[in-house]
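So the structure is just underneath, and the comments pick up after that.
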Amino acid sequence: MRTLIRNGTVLDPANNVDRPADLLIEDGRIAALLSSGESVDDAATIDATGLFVCPGFVDPHVCVGEPGFEEDETIETATAAALAGGFTSIAAMPTTNPVVDNRGSAEFVNRQGEKAGNSRVFPLGAVTKGGAGEELSEIGQLVEAAAVGFTDGKSPIANAEVMRRALEYTGMFGKPILHHSIVPELSETGVMHEGFESTRLGLRGIPAAANDIMTGRDIALAELTDGRIHLMSISTEDTVQRLRIAHQRNINVTADVTPHHLLLTDEVMGSFDTLYKCNPPLRSDEHRQALIAGLQDGTITCISADHQPLAIEKKAVELDVAPFGLCGLETALPLCVEALIQPGHLTWSQLIRCLTVGPAALLGIPHGTLSVGAKADVTLVDPNAVWTIDPAHFRSLSRNTPFAKRQVTGKVVSTLISGEVTGTTDARGAV
Amino acid sequence: MTATTAEPAIPADWTHRHLLGLEDLTASQITSILDLADEFNQRTEQGRRKLDLLSGTVVANLFFENSTRTKTSFNIAARRLGADTVDFSASGSSLSKGETFVDTALTIEAMGVDLVVCRHRTPGAPHLLARHLAAGVLNAGDGTHEHPTQALLDILTIRQRLGRIEGLTVALVGDIRHSRVARSNIHGLLKLGAKVIVCGPATLVPKTIRQMGVDIAYDLDEVLPQVDCVNLLRVQFERQRGAFFPSIAEYAHLFGMNKQRIARAKGDLLVLAPGPINRGVELTPDVADGPNSAILTQVSNGLLIRMACLYLLARKADN
C-alpha cells in the first residue's frame with residue numbers, strides 16, 4: 001500500500017526540511033521524500049497543492065474528561081477534536097475521576113483511545129496518589145502501562161520534599177514531570193493577572209510572582225536531582241528568563257505556552273467574560289511579548305492548546321466561581337498563525353517545530369517527524385485559508401472558547417495516522 | 001420650581017440603558033445625574049413628597065449580598081417616583097443554590113420587570129445580567145469593583161457643601177483594595193476635575209491604582225492639610241482574607257479620624273463616610289456627629305441620586 005502526497009511544501013523541522021517535495025508513504029510509514037513531480041508506480045495520490053505537509057502535531061497535555069467528566073469531554077470526542085486541530089498524538093491529563101494514579105486507570109485510557117480510533121492517546125500518570133500532592137503514585141507500574149510523563153494537572157505540588165522525591169523517582173524511568181508551577185498561597189482565590197487591570201476591575205489578582213517563585217524552586221530541584229521537569233503553560237517574563245539561565249547551566253527543564261497566552265492580554269477581562277478565565281491567567285503585554293521572545297530564541301520548545309473542555313453551563317456563572325480553562329485543540333493552529341506568523345515573530349518552520357519536535361521530545365514518543373521509517377502521521381495545512389471559528393462545529397463536546405466568530409487564517413485540511421486519512425476534512429471551511 | 005408636575009427632561013447625551021459604573025459615564029452625564037438629583041430635592045421637598053413619574057414601572061431589587069441600607073434607599077427612591085418594587089434576596093453563590101445567577105434574574109424578569117437593581121459579591125455580575133436581560137440594570141455594588149450610586153451621592157454631597165468639584169482635593173482613606181466605593185469615587189471625581197489622594201495601609205492600597213490617576217499616601221497626617229474632603233471608607237472585614245493590618249487599634253491610631261486630626265486640617269474640611277460606620281475605627285463619635293461631618297446628608301442624598309438614576313434608566317428603557 002503506497003500513498004504519495006504530491007505538490008505540497010514539506011515542512012519537517014525534525015530534519016530541517018522546508019521545501020516543495022512529494023512525500024511517499026508505504027505500509028503506514030514514511031518511505032521517501034521525493035522531488036516534486038517524480039513519478040511513482042502504484043501509489044494512491046493526495047494532492048497537496050498550496051498546502052504544507054507537516055508531521056502530525058503533538059499536544060503534551062490535554063484534558064480528555066474521561067473518566068468522570070463525560071459531560072465535558074470523552075476520549076472519543078477529545079481525540080476527534082485533536083484531529084480536527086491537526087494533532088495526531090495527545091497526552092491525556094490524569095486529573096480525571098478517578099485519577100490516573102494506577103496501572104488499571106492508565107490502561108483504560110489506552111483502551112478508550114484505541115476504541116475511538118482517532119488520534120493517538122498517551123496516558124500521563126499522576127505524580128501523587130489522587131493528585132493530592134502528598135504520596136507518590138505507583139509510577140513504575142504506570143510506566144509499564146505506557147505513561148509517558150507525570151503530572152498532577154493544575155494542582156501544583158506545593159511540598160518541595162514531595163517534588164524532590166518525585167523528580168528522583170521519575171528520573172529513574174527517564175520520564176518528565178509536567179508541573180503547573182504556581183505558589184498556591186499567592187494564587188488561590190485569584191481570578192486574573194494581578195496588575196492595573198485587576199485593580200481597576202476589582203478582581204482578585206494572581207501575581208506573576210506566584211509563578212516566578214515556584215519556577216525558581218522547580219529549577220533548583222531539577223538541578224539537585226538531575227530530574228526532568230517541564231513547566232506547563234508558562235505565562236511570565238521572569239519564567240522565560242529563569243529558563244534561559246537554566247539552559248545555560250544545562251539543567252533539564254523545558255516549557256510550553258498556549259496560543260491564548262500568546263495572543264491575548266489581561267485587558268480582555270474588562271468584559272468580565274468567564275470564557276477568558278484561565279490558569280495561569282492571561283497576563284499583561286510585557287509578559288506576552290516575553291513569551292514570544294522565548295519561542296523565538298528556542299527557550300520555549302512546545303506549544304500546547306492546554307485544552308480544558310467545560311460544559312457551557314459551568315461557565316455561565318459569576319466570574320469568581322467559574323472554573324478555569326478553555327477549549328483549545330481545534331483553534332490552536334490559526335491562533336498561533338495570528339499571534340506568531342502574521343506579525344512575523346516566527347517562521348512556519350519554527351511554529352511547526354513547537355507543535356511537533358518539542359512536545360514529541362518531551363514525551364519521548366517517536367512521532368512529530370517525517371523521517372524515513374517513522375509512522376506516517378501527517379497533518380496537511382492550508383496556510384492561507386481564511387475562516388470563521390464556530391464552536392457549534394467543534395468535535396469537542398464543549399464550546400468554552402472566547403474566540404467564537406473570530407475570523408482566522410490557517411486551517412488544518414486533513415490528517416493521516418500511519419498513512420491512513422483519519423481526520424475528516426472540514427467541508428464548511430474556505431478550503 | 002413652579003412646574004412641579006412637568007416631567008424632568010432627559011439630557012440629550014444620556015445614552016445608557018444600564019448604569020454599571022462611573023467609568024462608563026462622561027463628565028456631563030455625571031453632572032446631569034447630580035442636577036436631576038437637585039431638581040428632585042426641590043420638587044419633593046427633600047424627598048418627603050411623592051412624584052408619580054414612574055407609575056406602572058416595576059423595579060426589582062436583586063440583592064445577592066446582604067444590605068439593608070442600600071436596598072431600603074433604592075426601595076424608597078423607587079416608591080417616591082411612583083414605581084412598584086419587588087425584593088429578591090439571596091445569599092451565597094448561585095452554585096450553592098443549584099440555579100445559575102442568570103437564570104434567577106431571567107426568572108424575575110419574566111414576571112414583568114422594567115429595571116433590575118443588582119447587588120452581588122462578584123465584580124461583573126451586573127454586566128453579566130445586562131448581557132442577558134432586556135430590562136435595564138443598575139449596579140448597586142458588584143464586589144470590589146464599582147458602586148456608582150454611592151459615589152454619586154458622595155459627589156453630590158461635596159458639591160452641595162463646597163459648591164464645586166473641580167479643583168478640590170479629596171482623600172479616600174482606608175481599605176482601598178476592597179472598596180467599590182473608592183473605585184467609583186475615583187472615576188467620578190477625576191472626570192469632574194478633582195484631585196484624588198488614596199491613603200491607607202500599604203496592604204490595602206494596591207500600587208497599580210496610581211495608573212487610575214490618583215496619588216498614593218500612607219501618612220494621613222501629612223495629607224490632611226492639603227485636602228478639602230476626606231471620605232472615610234469602611235474597613236471591609238468581610239472581604240478581607242487574613243489580616244491586612246496588625247490590629248484595629250493600630251488602624252484607628254494611624255488612619256482613624258479624630259478631634260486632633262480635624263484640628264490639623266483645613267477649617268471647613270468635609271468629612272464623609274459611606275457607612276455603615278464603625279465608630280471608633282474609621283472615625284470617633286465626636287467627629288461623626290460634629291460640624292464637619294455630612295454623614296446623614298449623604299444618606300438623604302442617596303435617595304435623591306437613586307431617584308435620578310432610576311428615572312433616567314426607566315425613561316431610556318421606555319424608548
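Within each chain, counting starts at residue 1; across the C-alpha cells, chains are named A, B, ... in the order shown, with ligands numbered 1 upward in that order.
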Residues flagged strand (DSSP E or B) by DSSP in region 104-136 of chain B, as a PyMOL selection string: chain B and resi 115-120+136
File dump, residues just selected, N, CA and C atoms, as a PDB file, in the first residue's frame:
ATOM      1  N   LEU B 115     -36.837  47.409  35.493  1.00  0.00           N
ATOM      2  CA  LEU B 115     -35.476  47.738  35.930  1.00  0.00           C
ATOM      3  C   LEU B 115     -35.037  46.746  36.995  1.00  0.00           C
ATOM      4  N   VAL B 116     -33.794  46.347  36.906  1.00  0.00           N
ATOM      5  CA  VAL B 116     -33.231  45.455  37.906  1.00  0.00           C
ATOM      6  C   VAL B 116     -32.114  46.184  38.631  1.00  0.00           C
ATOM      7  N   VAL B 117     -32.258  46.290  39.945  1.00  0.00           N
ATOM      8  CA  VAL B 117     -31.190  46.853  40.767  1.00  0.00           C
ATOM      9  C   VAL B 117     -30.443  45.662  41.351  1.00  0.00           C
ATOM     10  N   CYS B 118     -29.157  45.559  41.048  1.00  0.00           N
ATOM     11  CA  CYS B 118     -28.435  44.339  41.412  1.00  0.00           C
ATOM     12  C   CYS B 118     -27.265  44.618  42.332  1.00  0.00           C
ATOM     13  N   ARG B 119     -27.241  43.895  43.419  1.00  0.00           N
ATOM     14  CA  ARG B 119     -26.038  43.885  44.250  1.00  0.00           C
ATOM     15  C   ARG B 119     -25.531  42.459  44.293  1.00  0.00           C
ATOM     16  N   HIS B 120     -24.228  42.313  44.128  1.00  0.00           N
ATOM     17  CA  HIS B 120     -23.653  40.971  44.076  1.00  0.00           C
ATOM     18  C   HIS B 120     -22.218  41.040  44.559  1.00  0.00           C
ATOM     19  N   GLY B 136     -33.446  47.172  32.090  1.00  0.00           N
ATOM     20  CA  GLY B 136     -32.285  47.984  32.435  1.00  0.00           C
ATOM     21  C   GLY B 136     -31.666  47.465  33.723  1.00  0.00           C
TER      22      GLY B 136
END
With 6 Å as the limit and counting only C-alpha atoms, what residues in chain A lie close to chain B? Please list them as a list in words. Phe196, Leu201, Gly202 and Phe272 of chain A
Give me the residues near Glu267 (chain A) as a PDB file with all heavy atoms, in the first residue's frame, where near means some atom within 10 Å (using only C-alpha atoms) and where sequence neighbours in that chain fewer than 3 positions away do not count.
ATOM      1  N   HIS A 193      -4.808  38.045  36.147  1.00  0.00           N
ATOM      2  CA  HIS A 193      -3.471  38.596  36.368  1.00  0.00           C
ATOM      3  C   HIS A 193      -3.543  39.782  37.331  1.00  0.00           C
ATOM      4  O   HIS A 193      -4.416  40.635  37.208  1.00  0.00           O
ATOM      5  CB  HIS A 193      -2.900  39.053  35.023  1.00  0.00           C
ATOM      6  CG  HIS A 193      -1.604  39.794  35.111  1.00  0.00           C
ATOM      7  ND1 HIS A 193      -0.465  39.231  35.648  1.00  0.00           N
ATOM      8  CD2 HIS A 193      -1.268  41.051  34.738  1.00  0.00           C
ATOM      9  CE1 HIS A 193       0.528  40.124  35.589  1.00  0.00           C
ATOM     10  NE2 HIS A 193       0.067  41.232  35.048  1.00  0.00           N
ATOM     11  N   PHE A 196      -2.605  46.489  36.927  1.00  0.00           N
ATOM     12  CA  PHE A 196      -3.527  47.616  36.872  1.00  0.00           C
ATOM     13  C   PHE A 196      -4.948  47.171  36.530  1.00  0.00           C
ATOM     14  O   PHE A 196      -5.916  47.630  37.128  1.00  0.00           O
ATOM     15  CB  PHE A 196      -3.035  48.654  35.850  1.00  0.00           C
ATOM     16  CG  PHE A 196      -4.056  49.711  35.562  1.00  0.00           C
ATOM     17  CD1 PHE A 196      -4.500  50.544  36.587  1.00  0.00           C
ATOM     18  CD2 PHE A 196      -4.605  49.865  34.304  1.00  0.00           C
ATOM     19  CE1 PHE A 196      -5.461  51.520  36.349  1.00  0.00           C
ATOM     20  CE2 PHE A 196      -5.576  50.827  34.058  1.00  0.00           C
ATOM     21  CZ  PHE A 196      -6.003  51.658  35.075  1.00  0.00           C
ATOM     22  N   GLU A 197      -5.074  46.254  35.577  1.00  0.00           N
ATOM     23  CA  GLU A 197      -6.416  45.837  35.164  1.00  0.00           C
ATOM     24  C   GLU A 197      -7.186  45.194  36.316  1.00  0.00           C
ATOM     25  O   GLU A 197      -8.374  45.448  36.488  1.00  0.00           O
ATOM     26  CB  GLU A 197      -6.345  44.873  33.974  1.00  0.00           C
ATOM     27  CG  GLU A 197      -5.899  45.516  32.669  1.00  0.00           C
ATOM     28  CD  GLU A 197      -6.859  46.596  32.161  1.00  0.00           C
ATOM     29  OE1 GLU A 197      -8.082  46.454  32.335  1.00  0.00           O
ATOM     30  OE2 GLU A 197      -6.363  47.595  31.612  1.00  0.00           O
ATOM     31  N   SER A 198      -6.512  44.358  37.101  1.00  0.00           N
ATOM     32  CA  SER A 198      -7.226  43.717  38.211  1.00  0.00           C
ATOM     33  C   SER A 198      -7.617  44.756  39.258  1.00  0.00           C
ATOM     34  O   SER A 198      -8.685  44.669  39.865  1.00  0.00           O
ATOM     35  CB  SER A 198      -6.382  42.599  38.839  1.00  0.00           C
ATOM     36  OG  SER A 198      -5.252  43.123  39.496  1.00  0.00           O
ATOM     37  N   LEU A 264      -3.520  37.042  23.695  1.00  0.00           N
ATOM     38  CA  LEU A 264      -4.377  37.935  24.478  1.00  0.00           C
ATOM     39  C   LEU A 264      -3.655  38.459  25.707  1.00  0.00           C
ATOM     40  O   LEU A 264      -2.685  37.867  26.168  1.00  0.00           O
ATOM     41  CB  LEU A 264      -5.632  37.176  24.945  1.00  0.00           C
ATOM     42  CG  LEU A 264      -6.512  36.546  23.874  1.00  0.00           C
ATOM     43  CD1 LEU A 264      -7.627  35.730  24.522  1.00  0.00           C
ATOM     44  CD2 LEU A 264      -7.105  37.604  22.957  1.00  0.00           C
ATOM     45  N   GLY A 270     -11.803  42.971  31.084  1.00  0.00           N
ATOM     46  CA  GLY A 270     -12.754  44.073  31.234  1.00  0.00           C
ATOM     47  C   GLY A 270     -14.155  43.694  30.780  1.00  0.00           C
ATOM     48  O   GLY A 270     -15.132  44.315  31.182  1.00  0.00           O
ATOM     49  N   SER A 271     -14.241  42.643  29.972  1.00  0.00           N
ATOM     50  CA  SER A 271     -15.555  42.162  29.537  1.00  0.00           C
ATOM     51  C   SER A 271     -16.235  41.351  30.636  1.00  0.00           C
ATOM     52  O   SER A 271     -17.402  41.030  30.530  1.00  0.00           O
ATOM     53  CB  SER A 271     -15.385  41.280  28.304  1.00  0.00           C
ATOM     54  OG  SER A 271     -14.673  40.101  28.661  1.00  0.00           O
ATOM     55  N   LEU A 282      -4.340  35.118  31.779  1.00  0.00           N
ATOM     56  CA  LEU A 282      -3.810  35.944  30.698  1.00  0.00           C
ATOM     57  C   LEU A 282      -3.112  37.127  31.350  1.00  0.00           C
ATOM     58  O   LEU A 282      -3.682  37.783  32.212  1.00  0.00           O
ATOM     59  CB  LEU A 282      -4.952  36.428  29.806  1.00  0.00           C
ATOM     60  CG  LEU A 282      -5.749  35.309  29.138  1.00  0.00           C
ATOM     61  CD1 LEU A 282      -7.023  35.865  28.509  1.00  0.00           C
ATOM     62  CD2 LEU A 282      -4.899  34.583  28.099  1.00  0.00           C
ATOM     63  N   ARG A 283      -1.869  37.356  30.959  1.00  0.00           N
ATOM     64  CA  ARG A 283      -1.101  38.392  31.664  1.00  0.00           C
ATOM     65  C   ARG A 283      -0.962  39.644  30.809  1.00  0.00           C
ATOM     66  O   ARG A 283      -1.557  39.737  29.737  1.00  0.00           O
ATOM     67  CB  ARG A 283       0.233  37.803  32.108  1.00  0.00           C
ATOM     68  CG  ARG A 283       0.040  36.649  33.106  1.00  0.00           C
ATOM     69  CD  ARG A 283       1.233  36.471  34.015  1.00  0.00           C
ATOM     70  NE  ARG A 283       1.060  35.384  34.972  1.00  0.00           N
ATOM     71  CZ  ARG A 283       0.496  35.523  36.181  1.00  0.00           C
ATOM     72  NH1 ARG A 283       0.044  36.696  36.573  1.00  0.00           N
ATOM     73  NH2 ARG A 283       0.380  34.493  36.989  1.00  0.00           N
ATOM     74  N   SER A 284      -0.174  40.601  31.291  1.00  0.00           N
ATOM     75  CA  SER A 284      -0.101  41.885  30.594  1.00  0.00           C
ATOM     76  C   SER A 284       0.819  41.763  29.386  1.00  0.00           C
ATOM     77  O   SER A 284       1.501  40.749  29.190  1.00  0.00           O
ATOM     78  CB  SER A 284       0.389  42.959  31.561  1.00  0.00           C
ATOM     79  OG  SER A 284       1.614  42.553  32.107  1.00  0.00           O
ATOM     80  N   ASP A 285       0.857  42.822  28.578  1.00  0.00           N
ATOM     81  CA  ASP A 285       1.523  42.706  27.288  1.00  0.00           C
ATOM     82  C   ASP A 285       3.025  42.448  27.396  1.00  0.00           C
ATOM     83  O   ASP A 285       3.592  41.761  26.546  1.00  0.00           O
ATOM     84  CB  ASP A 285       1.249  43.955  26.448  1.00  0.00           C
ATOM     85  CG  ASP A 285       1.513  43.700  24.978  1.00  0.00           C
ATOM     86  OD1 ASP A 285       0.964  42.713  24.449  1.00  0.00           O
ATOM     87  OD2 ASP A 285       2.302  44.443  24.370  1.00  0.00           O
TER      88      ASP A 285
END
Name all residues at most 9 Å from Gly227 (chain A) (count only C-alpha atoms; drop same-chain ones fewer than 5 positions away) and give them as a ChimeraX atom specification. /A:164,166-172,174-177,221-222,251-253
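CA of Thr274 (chain A) lies 8.7 Å from CA of Asp320 (chain A).
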Expected answer as a CSV table (one decimal) with N, CA and C atoms, in the first residue's frame: helix (DSSP H, G or I) residues in region 202-273 of chain B:
chain,number,residue,atom,x,y,z
B,202,ALA,N,-0.5,50.1,53.5
B,202,ALA,CA,0.1,49.6,52.2
B,202,ALA,C,-0.5,48.3,51.7
B,203,THR,N,-0.9,47.5,52.7
B,203,THR,CA,-1.5,46.2,52.3
B,203,THR,C,-2.9,46.4,51.7
B,204,LEU,N,-3.5,47.5,51.9
B,204,LEU,CA,-4.9,47.8,51.4
B,204,LEU,C,-4.9,48.8,50.3
B,207,LYS,N,-0.6,49.3,44.6
B,207,LYS,CA,0.3,50.3,44.0
B,207,LYS,C,-0.2,50.7,42.6
B,208,THR,N,-0.8,49.7,41.9
B,208,THR,CA,-1.2,49.9,40.5
B,208,THR,C,-2.3,50.9,40.4
B,209,ILE,N,-2.9,51.2,41.5
B,209,ILE,CA,-4.1,52.1,41.5
B,209,ILE,C,-3.6,53.5,41.0
B,210,ARG,N,-2.3,53.8,41.1
B,210,ARG,CA,-1.8,55.1,40.7
B,210,ARG,C,-2.1,55.3,39.2
B,211,GLN,N,-2.2,54.2,38.4
B,211,GLN,CA,-2.4,54.3,37.0
B,211,GLN,C,-3.9,54.8,36.7
B,212,MET,N,-4.7,54.8,37.7
B,212,MET,CA,-6.1,55.3,37.5
B,212,MET,C,-6.0,56.9,37.6
B,220,LEU,N,-1.6,59.8,56.9
B,220,LEU,CA,-2.8,60.6,56.9
B,220,LEU,C,-2.5,62.0,57.4
B,221,ASP,N,-1.7,62.1,58.4
B,221,ASP,CA,-1.4,63.5,59.0
B,221,ASP,C,-0.7,64.4,58.0
B,222,GLU,N,0.1,63.8,57.1
B,222,GLU,CA,0.7,64.6,56.1
B,222,GLU,C,-0.3,65.1,55.0
B,223,VAL,N,-1.2,64.3,54.7
B,223,VAL,CA,-2.2,64.5,53.7
B,223,VAL,C,-3.3,65.6,54.1
B,224,LEU,N,-3.6,65.5,55.4
B,224,LEU,CA,-4.8,66.3,55.8
B,224,LEU,C,-4.8,67.8,55.5
B,225,PRO,N,-3.7,68.5,55.7
B,225,PRO,CA,-3.7,69.9,55.5
B,225,PRO,C,-4.0,70.3,54.0
B,226,GLN,N,-3.8,69.3,53.1
B,226,GLN,CA,-4.0,69.6,51.7
B,226,GLN,C,-5.4,69.4,51.2
B,248,ILE,N,-7.0,46.4,65.1
B,248,ILE,CA,-8.0,47.5,64.8
B,248,ILE,C,-7.4,48.8,65.6
B,249,ALA,N,-6.8,48.6,66.7
B,249,ALA,CA,-6.3,49.7,67.5
B,249,ALA,C,-5.2,50.4,66.7
B,250,GLU,N,-4.4,49.6,66.0
B,250,GLU,CA,-3.3,50.3,65.2
B,250,GLU,C,-3.9,51.0,64.0
B,251,TYR,N,-4.9,50.4,63.4
B,251,TYR,CA,-5.6,51.0,62.3
B,251,TYR,C,-6.2,52.4,62.7
B,252,ALA,N,-6.9,52.4,63.8
B,252,ALA,CA,-7.5,53.6,64.3
B,252,ALA,C,-6.5,54.6,64.6
B,253,HIS,N,-5.4,54.2,65.2
B,253,HIS,CA,-4.3,55.1,65.5
B,253,HIS,C,-3.7,55.8,64.3
B,254,LEU,N,-3.5,55.0,63.2
B,254,LEU,CA,-2.9,55.6,62.1
B,254,LEU,C,-3.8,56.2,61.1
B,255,PHE,N,-5.1,55.7,61.0
B,255,PHE,CA,-5.9,56.2,59.9
B,255,PHE,C,-7.3,56.6,60.4
B,259,LYS,N,-10.6,64.1,66.8
B,259,LYS,CA,-10.6,65.6,67.0
B,259,LYS,C,-9.2,66.2,66.7
B,260,GLN,N,-8.1,65.5,67.1
B,260,GLN,CA,-6.8,66.0,66.9
B,260,GLN,C,-6.5,66.2,65.4
B,261,ARG,N,-7.0,65.2,64.6
B,261,ARG,CA,-6.7,65.3,63.2
B,261,ARG,C,-7.6,66.4,62.5
B,262,ILE,N,-8.8,66.5,63.0
B,262,ILE,CA,-9.7,67.6,62.5
B,262,ILE,C,-8.9,68.9,62.7
B,263,ALA,N,-8.3,69.1,63.8
B,263,ALA,CA,-7.6,70.3,64.2
B,263,ALA,C,-6.5,70.6,63.2
B,264,ARG,N,-5.9,69.6,62.7
B,264,ARG,CA,-4.7,69.8,61.7
B,264,ARG,C,-5.2,70.1,60.3
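Using only C-alpha atoms, the nearest neighbour of Thr369 (chain A) within the list A:Thr189, A:Thr331, A:Thr215, A:Thr356 is A:Thr356.
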Applying 6 Å and only C-alpha atoms, which residues near Thr3 (chain A) remain after dropping the ones on its own chain fewer than 2 positions away? List them as JSON, numbers by chain. {"A": [24, 25, 43, 44, 45]}
Once you have the residues from the selection above, write them out as a PDB file, in the first residue's frame, restricted to all heavy atoms.
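Below is the file that was written, part12.pdb:
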ATOM      1  N   LEU A  24       6.355  10.143   0.077  1.00  0.00           N
ATOM      2  CA  LEU A  24       5.893   8.792  -0.224  1.00  0.00           C
ATOM      3  C   LEU A  24       5.727   8.004   1.076  1.00  0.00           C
ATOM      4  O   LEU A  24       6.628   7.960   1.919  1.00  0.00           O
ATOM      5  CB  LEU A  24       6.894   8.078  -1.140  1.00  0.00           C
ATOM      6  CG  LEU A  24       6.479   6.659  -1.576  1.00  0.00           C
ATOM      7  CD1 LEU A  24       5.220   6.690  -2.441  1.00  0.00           C
ATOM      8  CD2 LEU A  24       7.627   5.960  -2.302  1.00  0.00           C
ATOM      9  N   ILE A  25       4.556   7.389   1.185  1.00  0.00           N
ATOM     10  CA  ILE A  25       4.235   6.594   2.369  1.00  0.00           C
ATOM     11  C   ILE A  25       4.030   5.156   1.915  1.00  0.00           C
ATOM     12  O   ILE A  25       3.350   4.895   0.916  1.00  0.00           O
ATOM     13  CB  ILE A  25       2.943   7.122   3.031  1.00  0.00           C
ATOM     14  CG1 ILE A  25       3.156   8.563   3.519  1.00  0.00           C
ATOM     15  CG2 ILE A  25       2.495   6.217   4.175  1.00  0.00           C
ATOM     16  CD1 ILE A  25       1.885   9.288   3.882  1.00  0.00           C
ATOM     17  N   ALA A  43       0.831   4.106  -6.714  1.00  0.00           N
ATOM     18  CA  ALA A  43       0.577   4.812  -5.460  1.00  0.00           C
ATOM     19  C   ALA A  43      -0.703   5.619  -5.575  1.00  0.00           C
ATOM     20  O   ALA A  43      -0.945   6.271  -6.588  1.00  0.00           O
ATOM     21  CB  ALA A  43       1.752   5.740  -5.127  1.00  0.00           C
ATOM     22  N   ALA A  44      -1.526   5.514  -4.509  1.00  0.00           N
ATOM     23  CA  ALA A  44      -2.664   6.436  -4.418  1.00  0.00           C
ATOM     24  C   ALA A  44      -2.080   7.826  -4.190  1.00  0.00           C
ATOM     25  O   ALA A  44      -1.040   7.958  -3.538  1.00  0.00           O
ATOM     26  CB  ALA A  44      -3.543   6.037  -3.238  1.00  0.00           C
ATOM     27  N   THR A  45      -2.723   8.849  -4.732  1.00  0.00           N
ATOM     28  CA  THR A  45      -2.146  10.179  -4.540  1.00  0.00           C
ATOM     29  C   THR A  45      -3.104  11.084  -3.772  1.00  0.00           C
ATOM     30  O   THR A  45      -4.328  10.942  -3.840  1.00  0.00           O
ATOM     31  CB  THR A  45      -1.804  10.856  -5.878  1.00  0.00           C
ATOM     32  OG1 THR A  45      -3.003  10.966  -6.641  1.00  0.00           O
ATOM     33  CG2 THR A  45      -0.757  10.064  -6.637  1.00  0.00           C
TER      34      THR A  45
END
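Separating CA of Gln298 (chain B) from CA of Leu233 (chain B) is a distance of 13.4 Å.
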Which residues are close to Asp152 (chain A), i.e. within 9 Å by only C-alpha atoms, leaving aside same-chain residues fewer than 6 positions away? Reply as a ChimeraX atom specification. /A:93-95,125-128,130-133,177-180
